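A.B. asks: Could you have a look at this structure, given as structure tokens, before my questions?
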Amino acid sequence: MTRVIQPALLFAALVLGLLAPGWLELFTIYEFTAYLIMAVLALSLAFVWGKGGIMCLGQAAFFGLGAYAWAVGAINFGPGLAALAISVAVPAAFAAVLGYFMFYGRINDIYIGVITLAVTLILFNLINSTSGPQYRIGSALLGGFNGMTGIPTLAWPNGMPLDPAEIFRLTVIVIVASIVAITLYLKTTPGKTAIAVRENEVRAELLGYNVAQSKLITFTLGGALAGLGGCLFANWGAFVSPTIFSLVQSAQIIIWVIVGGRGTLIGPILGCIALQWATTKLGTQQVVQVNLVLGLVLAFFVLVVPQGIVPMVTGLLRRNSRTGPKAEAEQNA
Amino acid sequence: MSGEIILQARGLGISFGGVDAVKAVDFELRQGELRCLIGPNGAGKTTFFRLLSGQYTPTRGAVTFRGKPLAGLKPWQIARLGIGIKTQVPSLFEGLSVQENIDMAARRRLRGKAVAAVVADVLDHIGLGDLRHRPCGELAHGQRQWVELGQMLAMKPAVALLDEPAAGMTHQESLRTVQIIRDITQHSAVIVVEHDMDFIRLIGDRVTVFERGAVIAEGSFTEISKDPQVRAAYLGRKENADA
Ligand SMILES: Nc1ncnc2c1ncn2[C@@H]1O[C@H](COP(=O)(O)OP(=O)(O)O)[C@@H](O)[C@H]1O
Ligand SMILES: [Mg+2]
């Protein structure tokens, strides 16, 4: 059943997403594009952490590097495919180098979380202190804590920059294509290895799988996807600042993924969109503090629904439709 | 005893702090052989397996596989060369189904349709076809042992190390385990660690006896069971044992 339903839902989401800008006001398009861009980031963590079992608390680092790399690339080489490639390659390369030292250095799971978070905060401080005119890459000024403004927007080959509706559609396409790509990847041997490593590193190794290499591949692919999200972010607002590497940013991503359900790909995306929408709504009133509410939401989920919303709902649906053990195991597929 | 030597340990040992868990073991396994490894709890059998599979780095001595020294190789490299292990406490991909657990073992050496064919065959051999979609974390202890043995069937290592494959099984279950081990010997030279003498009698070719980190005897089941040193070790009269 899921074999038909999932692609159908995904296709429906794609069609809806491509049509939606035609019905929405410009401001709403703009607002929802931001949610969707963050959903790309959430999806990258769902892959690295949920599927690969690598507890990366610094996924924001790759997102931020992607945004900065787009800015620098677009200013120097124009807002075309070269800058796009740079904005994915830089965070991916950074993830590969960091991952190499962590995984081949056999660093413990808990420390992976600590190191990735620390690296993010180091990047925050580093970029924060680049405000002088001497901190430039080519003709791009990094701008320190003021960030970079007036970043060129991705343009069609004829030089026309994408309008807000087109950036919205591009983001929808990136999300749907990423879900399809990850789903297909997880059916290949390297993809299945990543999941096996999550389940039991020792067993994977004793069957002849190179665990460090497998984690490195997962981590690098996740870094590339987060970087693509960052690239979209810089395109969306034409602005990027060091707060992209901040602790709040890093913490939010983890909350989205936990609330949505980290075993799934769709859960973190929905969790991300719903929570951002809710925080924005809450932010417009003065009664309760937004971060307090977010904290309570997280505590509730960790204690009451540790698997997250989507796995809980699909679990309930399955139990009600009484499809036997086959459906249970397919959840892992 | 006709095949050529496939796995060899020379003066192999490891110490933890001041404790010589395995002293200096000389050991040979031949192609096609089914060897039993027995000895009291804490004798060093599991530690010996960990040395052979690369999970521990030896303090002294060396292991050679098909004449090639294994020193410095990682466990996954040793596994790829052809040494598989069923660990004493079953170590499975808990959240994955029985079928997926076998699949991962077959997939290392096969591609495409061949994987599914081997998986179906192995599920049949270990008798878990009906439970193929059940997550391993939900299986009974004996079934978990069979899944790991199934991984050895799918992996077809040149040497399979089986650490207490029938532990905690009913008599009926261990009979099936004996059958599975015989299936494994079709493609692999096998070393089996077991406590149960009836089990050893059932499968035993040649038996090696471990005590306090050393090999104290080696021979056929009948020879071994007559050996006074072995009887002493098993009856717990340590004063007679050469420690
Ligand atoms: N990692 C370790 N650290 C300290 N001691 C160990 C370690 N691994 C095994 N040993 C010791 O080695 C001895 C042999 O244990 P083991 O190989 O498990 O015995 P067996 O499998 O024959 O019952 C025991 O005394 C055990 O405490
Ligand atoms: Mg043992």
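The way I read the labels, and the way they are meant: chains A, B, ... in the order of the structure tokens, residue 1 as the first residue of every chain, and ligand 1 as the first ligand shown, with later ones counted on from there.
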Can you work out which residues are within 7 Å of ligand 2, considering only C-alpha atoms and all ligand atoms, and then hand them over as a PyMOL selection string?

C.D. replies: chain B and resi 41-42+44-46+88+163

A.B. asks: Please write the residues from the selection above to a file, keeping N, CA and C atoms, as a tab-separated table (two decimals), in the first residue's frame.

C.D. replies:
```tsv
chain	number	residue	atom	x	y	z
B	41	ASN	N	34.22	-21.34	31.80
B	41	ASN	CA	33.95	-19.91	31.69
B	41	ASN	C	35.19	-19.10	32.06
B	42	GLY	N	35.48	-18.11	31.25
B	42	GLY	CA	36.63	-17.25	31.54
B	42	GLY	C	37.93	-17.84	31.05
B	44	GLY	N	39.04	-17.89	28.09
B	44	GLY	CA	39.65	-17.04	27.06
B	44	GLY	C	39.19	-17.35	25.65
B	45	LYS	N	38.12	-18.14	25.52
B	45	LYS	CA	37.65	-18.54	24.18
B	45	LYS	C	37.14	-17.33	23.39
B	46	THR	N	36.28	-16.53	24.04
B	46	THR	CA	35.73	-15.36	23.36
B	46	THR	C	36.85	-14.37	23.01
B	88	GLN	N	29.25	-14.10	20.86
B	88	GLN	CA	28.61	-14.84	21.95
B	88	GLN	C	27.24	-14.26	22.28
B	163	ASP	N	30.54	-18.44	18.30
B	163	ASP	CA	30.73	-18.40	19.75
B	163	ASP	C	29.43	-18.76	20.45
```

A.B. asks: Write out as a compact mmCIF listing (two decimals) with N, CA and C atoms, in the first residue's frame which residues come within 9 Å of Thr218 of chain A when counting only C-alpha atoms, dropping same-chain ones fewer than 4 positions away.

C.D. replies:
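So the final result, stored in around24.txt, reads:
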```txt
# COMPACT_ATOMS: atom_id res chain seq x y z
N PHE A 47 18.23 12.98 7.36
CA PHE A 47 19.05 11.99 6.66
C PHE A 47 20.26 11.59 7.52
N VAL A 48 20.99 12.60 7.99
CA VAL A 48 22.24 12.33 8.72
C VAL A 48 21.98 11.65 10.07
N LYS A 51 18.39 8.73 9.57
CA LYS A 51 18.72 7.54 8.76
C LYS A 51 20.12 7.04 9.08
N GLY A 52 21.08 7.96 9.22
CA GLY A 52 22.47 7.53 9.40
C GLY A 52 22.89 7.37 10.84
N ILE A 54 23.92 9.55 12.89
CA ILE A 54 25.02 10.44 13.30
C ILE A 54 24.40 11.67 13.97
N GLY A 191 23.48 3.03 0.74
CA GLY A 191 22.38 3.53 1.56
C GLY A 191 21.97 2.55 2.64
N ALA A 194 24.48 2.56 5.38
CA ALA A 194 24.33 3.69 6.31
C ALA A 194 23.33 3.33 7.40
N GLN A 213 34.03 4.92 6.63
CA GLN A 213 33.77 5.43 5.29
C GLN A 213 32.27 5.67 5.06
N SER A 214 31.46 4.73 5.55
CA SER A 214 30.03 4.87 5.38
C SER A 214 29.51 6.14 6.07
N GLY A 222 24.86 14.83 3.65
CA GLY A 222 24.01 15.67 4.48
C GLY A 222 24.51 17.11 4.48
N GLY A 223 25.84 17.28 4.52
CA GLY A 223 26.42 18.62 4.47
C GLY A 223 26.12 19.31 3.15
```

A.B. asks: Atom CA of Phe101 of chain A to atom CA of Lys215 of chain A: how many Å, to one decimal?

C.D. replies: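 A separation of 11.5 Å between them.
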
A.B. asks: Go through the chains and note each residue within 12 Å of ligand 1, using only C-alpha atoms and all ligand atoms, then give the set as a tab-separated table (two decimals) with N, CA, C and O atoms, in the first residue's frame.

C.D. replies:
```tsv
chain	number	residue	atom	x	y	z
B	13	GLY	N	48.57	-14.02	21.91
B	13	GLY	CA	48.11	-13.72	23.27
B	13	GLY	C	47.76	-12.27	23.47
B	13	GLY	O	48.11	-11.40	22.66
B	14	ILE	N	47.03	-12.03	24.56
B	14	ILE	CA	46.67	-10.65	24.91
B	14	ILE	C	46.56	-10.55	26.43
B	14	ILE	O	46.13	-11.49	27.09
B	15	SER	N	47.01	-9.42	26.95
B	15	SER	CA	46.92	-9.17	28.40
B	15	SER	C	46.10	-7.93	28.64
B	15	SER	O	46.19	-6.96	27.89
B	16	PHE	N	45.28	-7.98	29.67
B	16	PHE	CA	44.55	-6.78	30.11
B	16	PHE	C	45.09	-6.42	31.47
B	16	PHE	O	44.90	-7.17	32.42
B	17	GLY	N	45.76	-5.29	31.57
B	17	GLY	CA	46.42	-4.96	32.82
B	17	GLY	C	47.45	-6.05	33.07
B	17	GLY	O	48.27	-6.35	32.21
B	18	GLY	N	47.37	-6.72	34.21
B	18	GLY	CA	48.33	-7.79	34.47
B	18	GLY	C	47.78	-9.15	34.10
B	18	GLY	O	48.48	-10.16	34.22
B	19	VAL	N	46.53	-9.21	33.61
B	19	VAL	CA	45.88	-10.50	33.38
B	19	VAL	C	46.14	-11.00	31.96
B	19	VAL	O	45.82	-10.31	30.99
B	20	ASP	N	46.73	-12.22	31.87
B	20	ASP	CA	46.93	-12.81	30.55
B	20	ASP	C	45.66	-13.56	30.17
B	20	ASP	O	45.51	-14.74	30.47
B	21	ALA	N	44.74	-12.87	29.50
B	21	ALA	CA	43.46	-13.49	29.13
B	21	ALA	C	43.69	-14.61	28.14
B	21	ALA	O	43.06	-15.67	28.20
B	22	VAL	N	44.61	-14.39	27.18
B	22	VAL	CA	45.08	-15.46	26.30
B	22	VAL	C	46.59	-15.41	26.37
B	22	VAL	O	47.20	-14.35	26.19
B	23	LYS	N	47.22	-16.57	26.65
B	23	LYS	CA	48.66	-16.55	26.95
B	23	LYS	C	49.52	-16.54	25.70
B	23	LYS	O	50.03	-15.50	25.30
B	37	LEU	N	35.75	-25.81	20.21
B	37	LEU	CA	36.61	-25.17	21.21
B	37	LEU	C	35.84	-25.23	22.51
B	37	LEU	O	34.72	-24.71	22.59
B	38	ILE	N	36.42	-25.93	23.50
B	38	ILE	CA	35.71	-26.00	24.77
B	38	ILE	C	36.61	-25.50	25.89
B	38	ILE	O	37.82	-25.31	25.70
B	39	GLY	N	36.02	-25.28	27.04
B	39	GLY	CA	36.79	-24.82	28.18
B	39	GLY	C	35.87	-24.09	29.13
B	39	GLY	O	34.83	-23.59	28.72
B	40	PRO	N	36.26	-24.04	30.41
B	40	PRO	CA	35.40	-23.40	31.40
B	40	PRO	C	35.19	-21.92	31.13
B	40	PRO	O	35.92	-21.31	30.34
B	41	ASN	N	34.22	-21.34	31.80
B	41	ASN	CA	33.95	-19.91	31.69
B	41	ASN	C	35.19	-19.10	32.06
B	41	ASN	O	35.86	-19.40	33.02
B	42	GLY	N	35.48	-18.11	31.25
B	42	GLY	CA	36.63	-17.25	31.54
B	42	GLY	C	37.93	-17.84	31.05
B	42	GLY	O	39.01	-17.30	31.33
B	43	ALA	N	37.89	-18.96	30.30
B	43	ALA	CA	39.11	-19.61	29.82
B	43	ALA	C	39.80	-18.77	28.74
B	43	ALA	O	40.98	-18.95	28.46
B	44	GLY	N	39.04	-17.89	28.09
B	44	GLY	CA	39.65	-17.04	27.06
B	44	GLY	C	39.19	-17.35	25.65
B	44	GLY	O	39.76	-16.86	24.67
B	45	LYS	N	38.12	-18.14	25.52
B	45	LYS	CA	37.65	-18.54	24.18
B	45	LYS	C	37.14	-17.33	23.39
B	45	LYS	O	37.51	-17.14	22.23
B	46	THR	N	36.28	-16.53	24.04
B	46	THR	CA	35.73	-15.36	23.36
B	46	THR	C	36.85	-14.37	23.01
B	46	THR	O	36.87	-13.80	21.91
B	47	THR	N	37.78	-14.22	23.93
B	47	THR	CA	38.91	-13.31	23.69
B	47	THR	C	39.74	-13.81	22.51
B	47	THR	O	40.18	-13.02	21.67
B	48	PHE	N	39.93	-15.12	22.42
B	48	PHE	CA	40.66	-15.72	21.31
B	48	PHE	C	39.97	-15.39	19.99
B	48	PHE	O	40.61	-14.99	19.01
B	49	PHE	N	38.63	-15.51	19.96
B	49	PHE	CA	37.88	-15.18	18.75
B	49	PHE	C	38.04	-13.70	18.39
B	49	PHE	O	38.12	-13.34	17.22
B	50	ARG	N	38.05	-12.87	19.41
B	50	ARG	CA	38.19	-11.43	19.14
B	50	ARG	C	39.57	-11.13	18.56
B	50	ARG	O	39.72	-10.20	17.75
B	51	LEU	N	40.57	-11.89	18.97
B	51	LEU	CA	41.90	-11.71	18.39
B	51	LEU	C	41.90	-12.14	16.93
B	51	LEU	O	42.47	-11.47	16.07
B	55	GLN	N	39.04	-7.77	16.46
B	55	GLN	CA	38.40	-6.84	17.40
B	55	GLN	C	39.35	-6.46	18.53
B	55	GLN	O	39.19	-5.42	19.14
B	56	TYR	N	40.30	-7.35	18.84
B	56	TYR	CA	41.37	-7.02	19.77
B	56	TYR	C	42.70	-7.08	19.02
B	56	TYR	O	42.89	-7.93	18.14
B	57	THR	N	43.62	-6.20	19.40
B	57	THR	CA	44.97	-6.26	18.85
B	57	THR	C	45.82	-7.11	19.78
B	57	THR	O	45.87	-6.84	20.98
B	58	PRO	N	46.49	-8.14	19.25
B	58	PRO	CA	47.25	-9.02	20.14
B	58	PRO	C	48.41	-8.29	20.84
B	58	PRO	O	49.01	-7.39	20.27
B	87	THR	N	28.93	-13.67	17.24
B	87	THR	CA	29.44	-13.32	18.58
B	87	THR	C	28.65	-14.05	19.67
B	87	THR	O	27.54	-14.53	19.43
B	88	GLN	N	29.25	-14.10	20.86
B	88	GLN	CA	28.61	-14.84	21.95
B	88	GLN	C	27.24	-14.26	22.28
B	88	GLN	O	26.26	-14.98	22.36
B	89	VAL	N	27.18	-12.95	22.48
B	89	VAL	CA	25.89	-12.28	22.64
B	89	VAL	C	25.48	-11.83	21.24
B	89	VAL	O	26.19	-11.04	20.62
B	162	LEU	N	32.07	-19.40	15.50
B	162	LEU	CA	30.73	-19.42	16.10
B	162	LEU	C	30.87	-19.52	17.61
B	162	LEU	O	31.26	-20.56	18.14
B	163	ASP	N	30.54	-18.44	18.30
B	163	ASP	CA	30.73	-18.40	19.75
B	163	ASP	C	29.43	-18.76	20.45
B	163	ASP	O	28.48	-17.98	20.46
B	164	GLU	N	29.38	-19.95	21.01
B	164	GLU	CA	28.22	-20.47	21.75
B	164	GLU	C	26.90	-20.33	20.97
B	164	GLU	O	25.97	-19.68	21.42
B	192	VAL	N	33.72	-23.81	16.52
B	192	VAL	CA	32.53	-23.61	17.37
B	192	VAL	C	32.94	-23.65	18.83
B	192	VAL	O	33.59	-24.59	19.27
B	193	VAL	N	32.57	-22.64	19.58
B	193	VAL	CA	32.74	-22.66	21.03
B	193	VAL	C	31.46	-23.21	21.63
B	193	VAL	O	30.38	-22.75	21.29
B	194	GLU	N	31.57	-24.24	22.46
B	194	GLU	CA	30.38	-24.73	23.15
B	194	GLU	C	30.75	-25.28	24.53
B	194	GLU	O	31.88	-25.71	24.76
B	195	HIS	N	29.76	-25.23	25.40
B	195	HIS	CA	29.94	-25.81	26.73
B	195	HIS	C	29.37	-27.21	26.79
B	195	HIS	O	29.91	-28.09	27.42
B	209	VAL	N	40.89	-27.83	23.71
B	209	VAL	CA	40.46	-27.46	25.06
B	209	VAL	C	41.25	-26.27	25.56
B	209	VAL	O	42.49	-26.29	25.56
B	210	PHE	N	40.55	-25.24	25.96
B	210	PHE	CA	41.14	-24.02	26.51
B	210	PHE	C	41.00	-24.05	28.02
B	210	PHE	O	39.97	-24.43	28.54
B	211	GLU	N	42.03	-23.61	28.71
B	211	GLU	CA	41.88	-23.34	30.12
B	211	GLU	C	42.84	-22.24	30.52
B	211	GLU	O	44.01	-22.28	30.17
B	212	ARG	N	42.34	-21.25	31.23
B	212	ARG	CA	43.12	-20.10	31.68
B	212	ARG	C	44.03	-19.54	30.59
B	212	ARG	O	45.23	-19.38	30.77
B	213	GLY	N	43.44	-19.32	29.45
B	213	GLY	CA	44.16	-18.64	28.37
B	213	GLY	C	45.14	-19.50	27.60
B	213	GLY	O	45.91	-18.98	26.80
B	214	ALA	N	45.11	-20.82	27.83
B	214	ALA	CA	46.05	-21.68	27.11
B	214	ALA	C	45.34	-22.92	26.57
B	214	ALA	O	44.30	-23.32	27.09
B	215	VAL	N	45.91	-23.51	25.52
B	215	VAL	CA	45.38	-24.77	25.00
B	215	VAL	C	45.97	-25.88	25.84
B	215	VAL	O	47.19	-26.02	25.92
```

A.B. asks: Using only C-alpha atoms, which residues sit within 7 Å of segment 144-161 of chain A once same-chain residues fewer than 2 positions away are excluded, as a PyMOL selection string?

C.D. replies: chain A and resi 71+74-75+79-80+127-131+142+163+235+238-242

A.B. asks: What is the atom CA of Phe77 of chain A to atom CA of Leu162 of chain A distance in Å?

C.D. replies: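 Separating atom CA of Phe77 of chain A from atom CA of Leu162 of chain A is a distance of 17.1 Å.
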
A.B. asks: Using only C-alpha atoms and a distance of at most 8 Å, pull out the residues of chain B that contact chain A, as a PyMOL selection string.

C.D. replies: chain B and resi 53+75-80+84-85+91-97+104-105+107-108+133-135+155

A.B. asks: What separation in Å, quoted to one decimal, exists between atom CA of Gln229 of chain B and atom CA of Thr185 of chain B?

C.D. replies: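 If I compute the distance from atom CA of Gln229 of chain B to atom CA of Thr185 of chain B, I get 29.6 Å.
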
A.B. asks: Using only C-alpha atoms, which of B:Ile126, B:Arg182, B:Ile216, B:Gly67 sits nearest Ala24 of chain B?

C.D. replies: B:Ile216

A.B. asks: Please return, as a list in words, all residues of segment 38-272 of chain A that DSSP assigns to strand (DSSP E) on the basis of the backbone.

C.D. replies: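 Of segment 38-272 of chain A, only Arg136, Ile137, Ala140, Leu141, Met148, Thr149, Phe239 and Val240 of chain A fall in strand (DSSP E).
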
A.B. asks: May I have the residues from that selection written out with N, CA and C atoms, as a PDB file, in the first residue's frame?

C.D. replies:
```
ATOM      1  N   ARG A 136      38.060  40.036   2.708  1.00  0.00           N
ATOM      2  CA  ARG A 136      37.302  39.924   1.477  1.00  0.00           C
ATOM      3  C   ARG A 136      37.786  38.702   0.705  1.00  0.00           C
ATOM      4  N   ILE A 137      36.869  38.096  -0.022  1.00  0.00           N
ATOM      5  CA  ILE A 137      37.230  36.990  -0.902  1.00  0.00           C
ATOM      6  C   ILE A 137      36.910  37.485  -2.302  1.00  0.00           C
ATOM      7  N   ALA A 140      34.144  40.111  -2.773  1.00  0.00           N
ATOM      8  CA  ALA A 140      33.075  39.985  -1.786  1.00  0.00           C
ATOM      9  C   ALA A 140      33.584  40.306  -0.388  1.00  0.00           C
ATOM     10  N   LEU A 141      33.013  41.298   0.247  1.00  0.00           N
ATOM     11  CA  LEU A 141      33.330  41.644   1.636  1.00  0.00           C
ATOM     12  C   LEU A 141      32.513  40.753   2.561  1.00  0.00           C
ATOM     13  N   MET A 148      26.371  40.040   5.117  1.00  0.00           N
ATOM     14  CA  MET A 148      26.515  40.468   3.718  1.00  0.00           C
ATOM     15  C   MET A 148      25.124  40.814   3.189  1.00  0.00           C
ATOM     16  N   THR A 149      25.024  41.971   2.543  1.00  0.00           N
ATOM     17  CA  THR A 149      23.727  42.381   1.998  1.00  0.00           C
ATOM     18  C   THR A 149      23.811  42.493   0.478  1.00  0.00           C
ATOM     19  N   PHE A 239      20.479  38.254   1.802  1.00  0.00           N
ATOM     20  CA  PHE A 239      21.158  38.702   3.006  1.00  0.00           C
ATOM     21  C   PHE A 239      21.607  37.481   3.802  1.00  0.00           C
ATOM     22  N   VAL A 240      22.818  37.566   4.392  1.00  0.00           N
ATOM     23  CA  VAL A 240      23.251  36.503   5.299  1.00  0.00           C
ATOM     24  C   VAL A 240      24.121  37.116   6.388  1.00  0.00           C
TER      25      VAL A 240
END
```
